[in-house]
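Engineer: File follows, model.txt with compact mmCIF, C-alpha atoms and all ligand atoms:
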# COMPACT_ATOMS: atom_id res chain seq x y z
CA ASP A 30 85.71 -77.64 -123.34
CA ASN A 31 87.07 -74.32 -124.49
CA CYS A 32 86.74 -71.17 -122.46
CA LYS A 33 84.47 -68.74 -124.36
CA SER A 34 85.25 -65.03 -124.21
CA GLY A 35 84.04 -63.57 -120.95
CA CYS A 36 84.48 -66.87 -119.19
CA ARG A 37 86.37 -66.48 -115.95
CA GLY A 38 87.88 -68.44 -113.08
CA ALA A 39 86.17 -68.86 -109.71
CA LEU A 40 87.24 -67.11 -106.51
CA VAL A 41 87.20 -69.73 -103.79
CA VAL A 42 88.11 -68.91 -100.19
CA LEU A 43 89.00 -71.36 -97.43
CA GLU A 44 88.47 -70.19 -93.87
CA GLY A 45 88.75 -71.70 -90.42
CA LEU A 46 90.60 -71.70 -87.12
CA ASP A 47 94.37 -72.09 -86.98
CA ARG A 48 95.33 -75.74 -87.66
CA CYS A 49 92.00 -76.66 -89.25
CA GLY A 50 93.82 -78.02 -92.32
CA LYS A 51 93.14 -75.15 -94.75
CA THR A 52 96.67 -74.89 -96.02
CA SER A 53 97.10 -78.52 -97.05
CA GLN A 54 93.58 -78.62 -98.47
CA SER A 55 94.21 -75.48 -100.53
CA ALA A 56 97.32 -77.00 -102.09
CA ARG A 57 95.57 -80.30 -102.81
CA LEU A 58 92.64 -78.48 -104.38
CA VAL A 59 94.84 -76.50 -106.78
CA LYS A 60 96.51 -79.73 -107.85
CA ASN A 61 93.16 -81.52 -108.33
CA LEU A 62 91.73 -78.70 -110.44
CA ASP A 63 94.86 -78.50 -112.59
CA GLU A 64 94.74 -82.26 -113.19
CA LEU A 65 91.12 -82.00 -114.26
CA GLY A 66 92.06 -79.32 -116.81
CA TYR A 67 90.90 -76.25 -114.88
CA PRO A 68 93.78 -73.79 -114.43
CA ALA A 69 94.07 -72.83 -110.77
CA GLU A 70 96.46 -70.89 -108.55
CA LEU A 71 96.98 -70.60 -104.84
CA PHE A 72 96.84 -67.31 -102.96
CA ARG A 73 97.16 -66.93 -99.22
CA PHE A 74 96.65 -64.13 -96.75
CA PRO A 75 98.59 -62.81 -95.09
CA ASP A 76 100.93 -62.80 -98.10
CA ARG A 77 104.20 -62.48 -96.22
CA ASN A 78 106.26 -61.74 -99.33
CA THR A 79 105.38 -58.07 -99.62
CA VAL A 80 106.69 -55.22 -97.45
CA ILE A 81 103.35 -55.04 -95.65
CA GLY A 82 103.37 -58.83 -95.34
CA GLN A 83 106.75 -58.70 -93.62
CA MET A 84 105.38 -56.26 -91.06
CA ILE A 85 102.48 -58.63 -90.43
CA SER A 86 104.81 -61.61 -90.14
CA SER A 87 106.97 -59.86 -87.61
CA TYR A 88 103.88 -59.00 -85.55
CA LEU A 89 102.65 -62.61 -85.67
CA ASN A 90 106.05 -63.86 -84.51
CA SER A 91 105.92 -61.33 -81.66
CA ASP A 92 109.03 -59.60 -82.99
CA SER A 93 107.05 -56.37 -83.05
CA GLN A 94 104.09 -54.88 -81.19
CA LEU A 95 101.30 -53.04 -82.97
CA ASP A 96 98.04 -51.45 -81.91
CA ASP A 97 95.04 -53.75 -82.66
CA ARG A 98 93.61 -51.35 -85.24
CA THR A 99 96.97 -50.84 -86.92
CA ILE A 100 97.52 -54.55 -87.51
CA HIS A 101 93.92 -54.91 -88.66
CA LEU A 102 94.46 -52.27 -91.34
CA LEU A 103 97.75 -53.84 -92.43
CA PHE A 104 96.02 -57.20 -92.97
CA SER A 105 93.44 -55.39 -95.09
CA ALA A 106 96.06 -53.43 -97.05
CA ASN A 107 97.81 -56.73 -97.74
CA ARG A 108 94.64 -57.93 -99.50
CA TRP A 109 94.18 -54.64 -101.39
CA GLU A 110 97.70 -54.83 -102.78
CA LYS A 111 96.75 -58.14 -104.49
CA ARG A 112 93.31 -57.09 -105.73
CA SER A 113 94.15 -56.09 -109.30
CA LEU A 114 96.41 -59.11 -109.83
CA MET A 115 93.63 -61.40 -108.59
CA GLU A 116 91.08 -59.76 -110.86
CA SER A 117 93.23 -60.10 -113.97
CA LYS A 118 93.92 -63.77 -113.24
CA LEU A 119 90.22 -64.47 -112.73
CA ARG A 120 89.35 -62.70 -115.98
CA ASN A 121 91.98 -64.78 -117.72
CA GLY A 122 90.13 -67.93 -116.73
CA ILE A 123 92.27 -68.89 -113.74
CA THR A 124 90.48 -70.15 -110.63
CA LEU A 125 91.97 -68.77 -107.43
CA ILE A 126 92.07 -70.83 -104.26
CA VAL A 127 92.61 -68.41 -101.41
CA ASP A 128 93.83 -69.56 -98.01
CA ARG A 129 92.16 -66.97 -95.68
CA TYR A 130 90.58 -63.69 -96.75
CA ALA A 131 88.66 -60.76 -95.28
CA TYR A 132 86.63 -63.09 -93.04
CA SER A 133 89.81 -63.96 -91.13
CA GLY A 134 90.47 -60.25 -90.85
CA VAL A 135 87.11 -59.64 -89.19
CA ALA A 136 86.97 -62.86 -87.15
CA PHE A 137 90.39 -62.41 -85.53
CA SER A 138 90.18 -58.66 -84.90
CA SER A 139 86.63 -58.75 -83.57
CA ALA A 140 87.69 -61.60 -81.25
CA LYS A 141 89.96 -58.99 -79.65
CA GLY A 142 86.91 -56.82 -79.00
CA LEU A 143 86.95 -54.47 -82.01
CA ASP A 144 83.55 -53.54 -83.42
CA ILE A 145 82.54 -55.87 -86.25
CA GLU A 146 81.32 -53.11 -88.59
CA TRP A 147 84.53 -51.17 -88.06
CA CYS A 148 86.45 -54.33 -88.90
CA LYS A 149 84.52 -54.91 -92.14
CA ALA A 150 84.84 -51.37 -93.47
CA PRO A 151 88.39 -51.44 -94.90
CA ASP A 152 87.71 -54.64 -96.87
CA MET A 153 84.53 -53.33 -98.53
CA GLY A 154 85.00 -53.38 -102.30
CA LEU A 155 87.52 -56.22 -102.46
CA LEU A 156 86.50 -58.97 -104.88
CA ALA A 157 83.67 -61.03 -103.41
CA PRO A 158 84.34 -64.77 -103.33
CA ASP A 159 82.11 -67.04 -105.39
CA LEU A 160 82.38 -69.64 -102.65
CA VAL A 161 83.50 -69.71 -99.02
CA LEU A 162 84.42 -73.08 -97.54
CA TYR A 163 84.59 -73.15 -93.75
CA LEU A 164 86.72 -75.99 -92.40
CA ASP A 165 84.93 -76.76 -89.19
CA ILE A 166 86.93 -78.12 -86.27
CA SER A 167 86.55 -77.54 -82.54
CA PRO A 168 89.13 -75.23 -80.96
CA GLU A 169 90.13 -78.11 -78.64
CA LYS A 170 90.74 -80.54 -81.52
CA ALA A 171 92.72 -77.94 -83.46
CA SER A 172 94.92 -77.25 -80.46
CA GLU A 173 95.92 -80.93 -80.33
CA ARG A 174 97.29 -80.80 -83.89
CA GLY A 175 101.03 -80.50 -84.57
CA GLY A 176 102.69 -77.12 -84.74
CA TYR A 177 100.09 -75.37 -82.62
CA GLY A 178 101.14 -72.58 -80.31
CA GLY A 179 103.96 -71.09 -82.37
CA GLU A 180 102.33 -67.82 -83.35
CA ARG A 181 100.58 -65.01 -81.56
CA TYR A 182 96.95 -66.13 -82.03
CA GLU A 183 97.45 -69.87 -81.54
CA GLN A 184 96.00 -70.06 -78.06
CA LEU A 185 92.97 -72.07 -77.08
CA GLU A 186 91.02 -69.34 -75.28
CA PHE A 187 91.54 -66.88 -78.13
CA GLN A 188 90.61 -69.46 -80.80
CA LYS A 189 87.33 -70.07 -78.96
CA LYS A 190 86.50 -66.40 -79.41
CA VAL A 191 87.51 -66.54 -83.08
CA ALA A 192 85.15 -69.50 -83.58
CA LYS A 193 82.30 -67.39 -82.14
CA SER A 194 83.16 -64.49 -84.46
CA TYR A 195 83.10 -66.81 -87.48
CA GLU A 196 79.63 -67.98 -86.40
CA ILE A 197 78.38 -64.40 -86.46
CA LEU A 198 80.03 -63.70 -89.82
CA ARG A 199 78.93 -66.71 -91.82
CA ASP A 200 75.78 -66.72 -93.90
CA ALA A 201 73.71 -69.38 -95.62
CA SER A 202 75.96 -69.35 -98.70
CA TRP A 203 79.00 -70.72 -96.82
CA LYS A 204 79.72 -74.42 -97.13
CA ILE A 205 80.58 -75.91 -93.77
CA ILE A 206 83.05 -78.77 -94.14
CA ASP A 207 83.56 -81.25 -91.30
CA ALA A 208 87.34 -81.02 -90.91
CA ASN A 209 87.59 -83.79 -88.31
CA ARG A 210 87.75 -86.44 -91.03
CA THR A 211 90.77 -87.79 -92.91
CA VAL A 212 92.64 -85.44 -95.24
CA GLU A 213 91.47 -87.55 -98.21
CA ASP A 214 87.78 -87.46 -97.25
CA VAL A 215 87.85 -83.70 -96.77
CA GLN A 216 89.75 -83.26 -100.05
CA GLU A 217 87.20 -85.28 -102.02
CA GLN A 218 84.23 -83.34 -100.67
CA ILE A 219 85.88 -79.98 -101.30
CA ARG A 220 86.87 -80.92 -104.84
CA ASP A 221 83.33 -81.92 -105.78
CA ILE A 222 81.81 -78.73 -104.36
CA VAL A 223 84.39 -76.48 -106.01
CA LEU A 224 84.03 -78.11 -109.44
CA ASP A 225 80.38 -77.04 -109.52
CA TYR A 226 81.32 -73.43 -108.83
CA VAL A 227 84.15 -73.42 -111.34
CA LYS A 228 81.68 -74.52 -114.01
CA THR A 229 79.13 -71.86 -113.00
CA CYS A 230 81.73 -69.11 -113.24
CA ARG A 231 82.86 -70.30 -116.68
CA ASN A 232 79.25 -69.96 -117.78
CA GLY A 233 79.32 -66.23 -117.17
CA LYS A 234 78.51 -65.49 -113.51
CA SER A 235 79.71 -61.92 -112.93
CA LEU A 236 82.31 -60.81 -110.40
CA SER A 237 81.01 -58.75 -107.52
CA GLN A 238 82.35 -56.68 -104.65
CA LEU A 239 82.59 -57.66 -101.03
CA TRP A 240 80.20 -56.19 -98.45
CA LEU A 241 78.81 -53.47 -100.74
P1 LIG B 1 98.25 -68.12 -91.35
O1 LIG B 1 98.64 -69.02 -90.21
O2 LIG B 1 97.11 -68.65 -92.16
O3 LIG B 1 99.43 -67.67 -92.15
O4 LIG B 1 97.65 -66.79 -90.67
C1 LIG B 1 98.37 -66.12 -89.71
C2 LIG B 1 97.50 -65.61 -88.62
O5 LIG B 1 96.94 -64.34 -88.95
C3 LIG B 1 96.33 -66.51 -88.24
O6 LIG B 1 96.33 -66.65 -86.82
C4 LIG B 1 95.11 -65.73 -88.67
C5 LIG B 1 95.56 -64.29 -88.61
N1 LIG B 1 94.90 -63.37 -89.53
C6 LIG B 1 94.32 -62.19 -89.03
O7 LIG B 1 94.31 -61.96 -87.83
N2 LIG B 1 93.77 -61.30 -89.91
C7 LIG B 1 93.76 -61.52 -91.27
O8 LIG B 1 93.25 -60.68 -92.03
C8 LIG B 1 94.36 -62.73 -91.76
C9 LIG B 1 94.39 -62.99 -93.23
C10 LIG B 1 94.92 -63.62 -90.87
Step by step, read the file and then write its structure as structure tokens.
Ligand code: TMP

Structural biologist:
Amino acid sequence: DNCKSGCRGALVVLEGLDRCGKTSQSARLVKNLDELGYPAELFRFPDRNTVIGQMISSYLNSDSQLDDRTIHLLFSANRWEKRSLMESKLRNGITLIVDRYAYSGVAFSSAKGLDIEWCKAPDMGLLAPDLVLYLDISPEKASERGGYGGERYEQLEFQKKVAKSYEILRDASWKIIDANRTVEDVQEQIRDIVLDYVKTCRNGKSLSQLWL
């Protein structure tokens, strides 16, 4: 089926606690969509390849210290610097699978005690996702997974607060995915949900702005 003019890709965001499986699911999803003939690309935030991303990476590795509001704004700036690229890809019919987005920004910073409305403000006007998938796993389960504990936020008590922030942030449009199942089961469910949205966006659903 050919893409008519005006047909665009879908903006799909995966969110969840550290070690919930987002990163492997994002990669599998891109591959699945490509195989089914729907062009798709992976984005992830933080994008550590930019100058701002390197500052974020150094903070996460505890190689630098930054004020809570400063790092919050850097995470947001790191999304803004990709906004126009993301928009042009979407308008060219490419579906974007995004591993973390503004919701991570708000969930992690508000878990430190920053006001939620203050946290949302700098991300207002970014592209709004067509679909948010929340990979649901308990903080305890996530902490038992390999590789946990390496970076600044990977601590059980903090992740419990992040889980609470996500609960406040999410609305009825989010799809909650039980991430305690096998990688293959989760992958299959995600693929089926996303295919529906990709088709809707190709049929002309318009792009909108986040939190405006
Ligand atoms: P990553 O492990 O997905 O690369 O993310 C690195 C950490 O940064 C993770 O603990 C979540 C956190 N984070 C924020 O605090 N704010 C943000 O805006 C984003 C995108 C991630």

Engineer: For a test of reading the model, state the distance in Å between atom O7 of ligand LIG 1 (chain B) and CA of Ala131 (chain A), rounded to one decimal.

Structural biologist: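 These atoms are spaced 9.4 Å apart.
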
Engineer: One number please: CA of Arg73 (chain A) to CA of Phe137 (chain A), in Å, one decimal.

Structural biologist: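 These two atoms are separated by 15.9 Å.
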
Engineer: With distances taken over only C-alpha atoms, which of A:Lys193, A:Lys204, A:Arg181, A:Arg37 is nearest to Ile123 (chain A)?

Structural biologist: A:Arg37

Engineer: Up to 9 Å from (78.4, -72.4, -95.9) in the file's coordinates: name the residues, counting all atoms listed in the file, as a PDB file with C-alpha atoms, in the coordinates of the input.

Structural biologist:
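As a result, selection.pdb now contains:
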ATOM      1  CA  LEU A 160      82.380 -69.640-102.650  1.00  0.00           C
ATOM      2  CA  VAL A 161      83.500 -69.710 -99.020  1.00  0.00           C
ATOM      3  CA  LEU A 162      84.420 -73.080 -97.540  1.00  0.00           C
ATOM      4  CA  TYR A 163      84.590 -73.150 -93.750  1.00  0.00           C
ATOM      5  CA  ARG A 199      78.930 -66.710 -91.820  1.00  0.00           C
ATOM      6  CA  ASP A 200      75.780 -66.720 -93.900  1.00  0.00           C
ATOM      7  CA  ALA A 201      73.710 -69.380 -95.620  1.00  0.00           C
ATOM      8  CA  SER A 202      75.960 -69.350 -98.700  1.00  0.00           C
ATOM      9  CA  TRP A 203      79.000 -70.720 -96.820  1.00  0.00           C
ATOM     10  CA  LYS A 204      79.720 -74.420 -97.130  1.00  0.00           C
ATOM     11  CA  ILE A 205      80.580 -75.910 -93.770  1.00  0.00           C
ATOM     12  CA  ILE A 206      83.050 -78.770 -94.140  1.00  0.00           C
TER      13      ILE A 206
END

Engineer: Between A:Cys36, A:Cys49, A:Leu62, A:Leu95, which has the minimum distance to Leu224 (chain A) (counting only C-alpha atoms)?

Structural biologist: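 Of all the options, A:Leu62 lies closest to Leu224 (chain A).
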
Engineer: For a test of reading the model, state the distance in Å between CA of Leu71 (chain A) and CA of Gln94 (chain A), rounded to one decimal.

Structural biologist: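 Taking CA of Leu71 (chain A) as the start and CA of Gln94 (chain A) as the end point, the length is 29.3 Å.
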
Engineer: Can you tell me which residues surround Pro168 (chain A) at a distance of at most 10 Å, considering only C-alpha atoms, apart from same-chain residues fewer than 6 positions away, and format the answer as a list in words?

Structural biologist: Leu46, Asp47, Arg48, Cys49, Glu183, Gln184, Leu185, Glu186, Phe187, Gln188, Lys189, Lys190, Val191 and Ala192 of chain A

Engineer: Identify, counting only C-alpha atoms and all ligand atoms, the protein, DNA and RNA residues located within 7 Å of ligand LIG 1 (chain B), and give them as a PyMOL selection string.

Structural biologist: chain A and resi 47+74-75+89+101+104-105+128-131+133-135+137-138+181-183

Engineer: With only C-alpha atoms as the counted atoms, please give the residues lying no more than 10 Å from region 218-223 of chain A, apart from itself and same-chain residues fewer than 6 positions off, as an mmCIF file with C-alpha atoms, in the frame of the given file.

Structural biologist:
data_model
loop_
_atom_site.group_PDB
_atom_site.id
_atom_site.type_symbol
_atom_site.label_atom_id
_atom_site.label_comp_id
_atom_site.auth_asym_id
_atom_site.auth_seq_id
_atom_site.Cartn_x
_atom_site.Cartn_y
_atom_site.Cartn_z
ATOM 1 C CA ALA A 39 86.170 -68.860 -109.710
ATOM 2 C CA LEU A 40 87.240 -67.110 -106.510
ATOM 3 C CA VAL A 41 87.200 -69.730 -103.790
ATOM 4 C CA LEU A 43 89.000 -71.360 -97.430
ATOM 5 C CA GLN A 54 93.580 -78.620 -98.470
ATOM 6 C CA SER A 55 94.210 -75.480 -100.530
ATOM 7 C CA ARG A 57 95.570 -80.300 -102.810
ATOM 8 C CA LEU A 58 92.640 -78.480 -104.380
ATOM 9 C CA VAL A 59 94.840 -76.500 -106.780
ATOM 10 C CA ASN A 61 93.160 -81.520 -108.330
ATOM 11 C CA LEU A 62 91.730 -78.700 -110.440
ATOM 12 C CA THR A 124 90.480 -70.150 -110.630
ATOM 13 C CA ILE A 126 92.070 -70.830 -104.260
ATOM 14 C CA ASP A 159 82.110 -67.040 -105.390
ATOM 15 C CA LEU A 160 82.380 -69.640 -102.650
ATOM 16 C CA VAL A 161 83.500 -69.710 -99.020
ATOM 17 C CA LEU A 162 84.420 -73.080 -97.540
ATOM 18 C CA LEU A 164 86.720 -75.990 -92.400
ATOM 19 C CA LYS A 204 79.720 -74.420 -97.130
ATOM 20 C CA ILE A 206 83.050 -78.770 -94.140
ATOM 21 C CA ASP A 207 83.560 -81.250 -91.300
ATOM 22 C CA THR A 229 79.130 -71.860 -113.000
#

Engineer: Return the single residue from A:Glu146, A:Leu156, A:Ser237, A:Pro151 that is closest to Leu114 (chain A), with distances computed using all atoms listed in the file.

Structural biologist: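 Closest residue, counting all atoms listed in the file: A:Leu156.
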
Engineer: Taking all atoms listed in the file into account, which of A:Asp165, A:Lys170, A:Leu103, A:Ser194 comes nearest Ser139 (chain A)?

Structural biologist: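 For Ser139 (chain A), the nearest of the given residues is A:Ser194.
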
Engineer: Tell me which of A:Gly122, A:Asp144, A:Gly176, A:Arg112 sits closest to Leu239 (chain A), counting all atoms listed in the file.

Structural biologist: A:Arg112

Engineer: Which residue gives the smallest distance to Arg77 (chain A) among A:Asn107, A:Asn90, A:Ser117, A:Thr52, with only C-alpha atoms counted?

Structural biologist: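 Ranking A:Asn107, A:Asn90, A:Ser117, A:Thr52 by distance to Arg77 (chain A), first place goes to A:Asn107.
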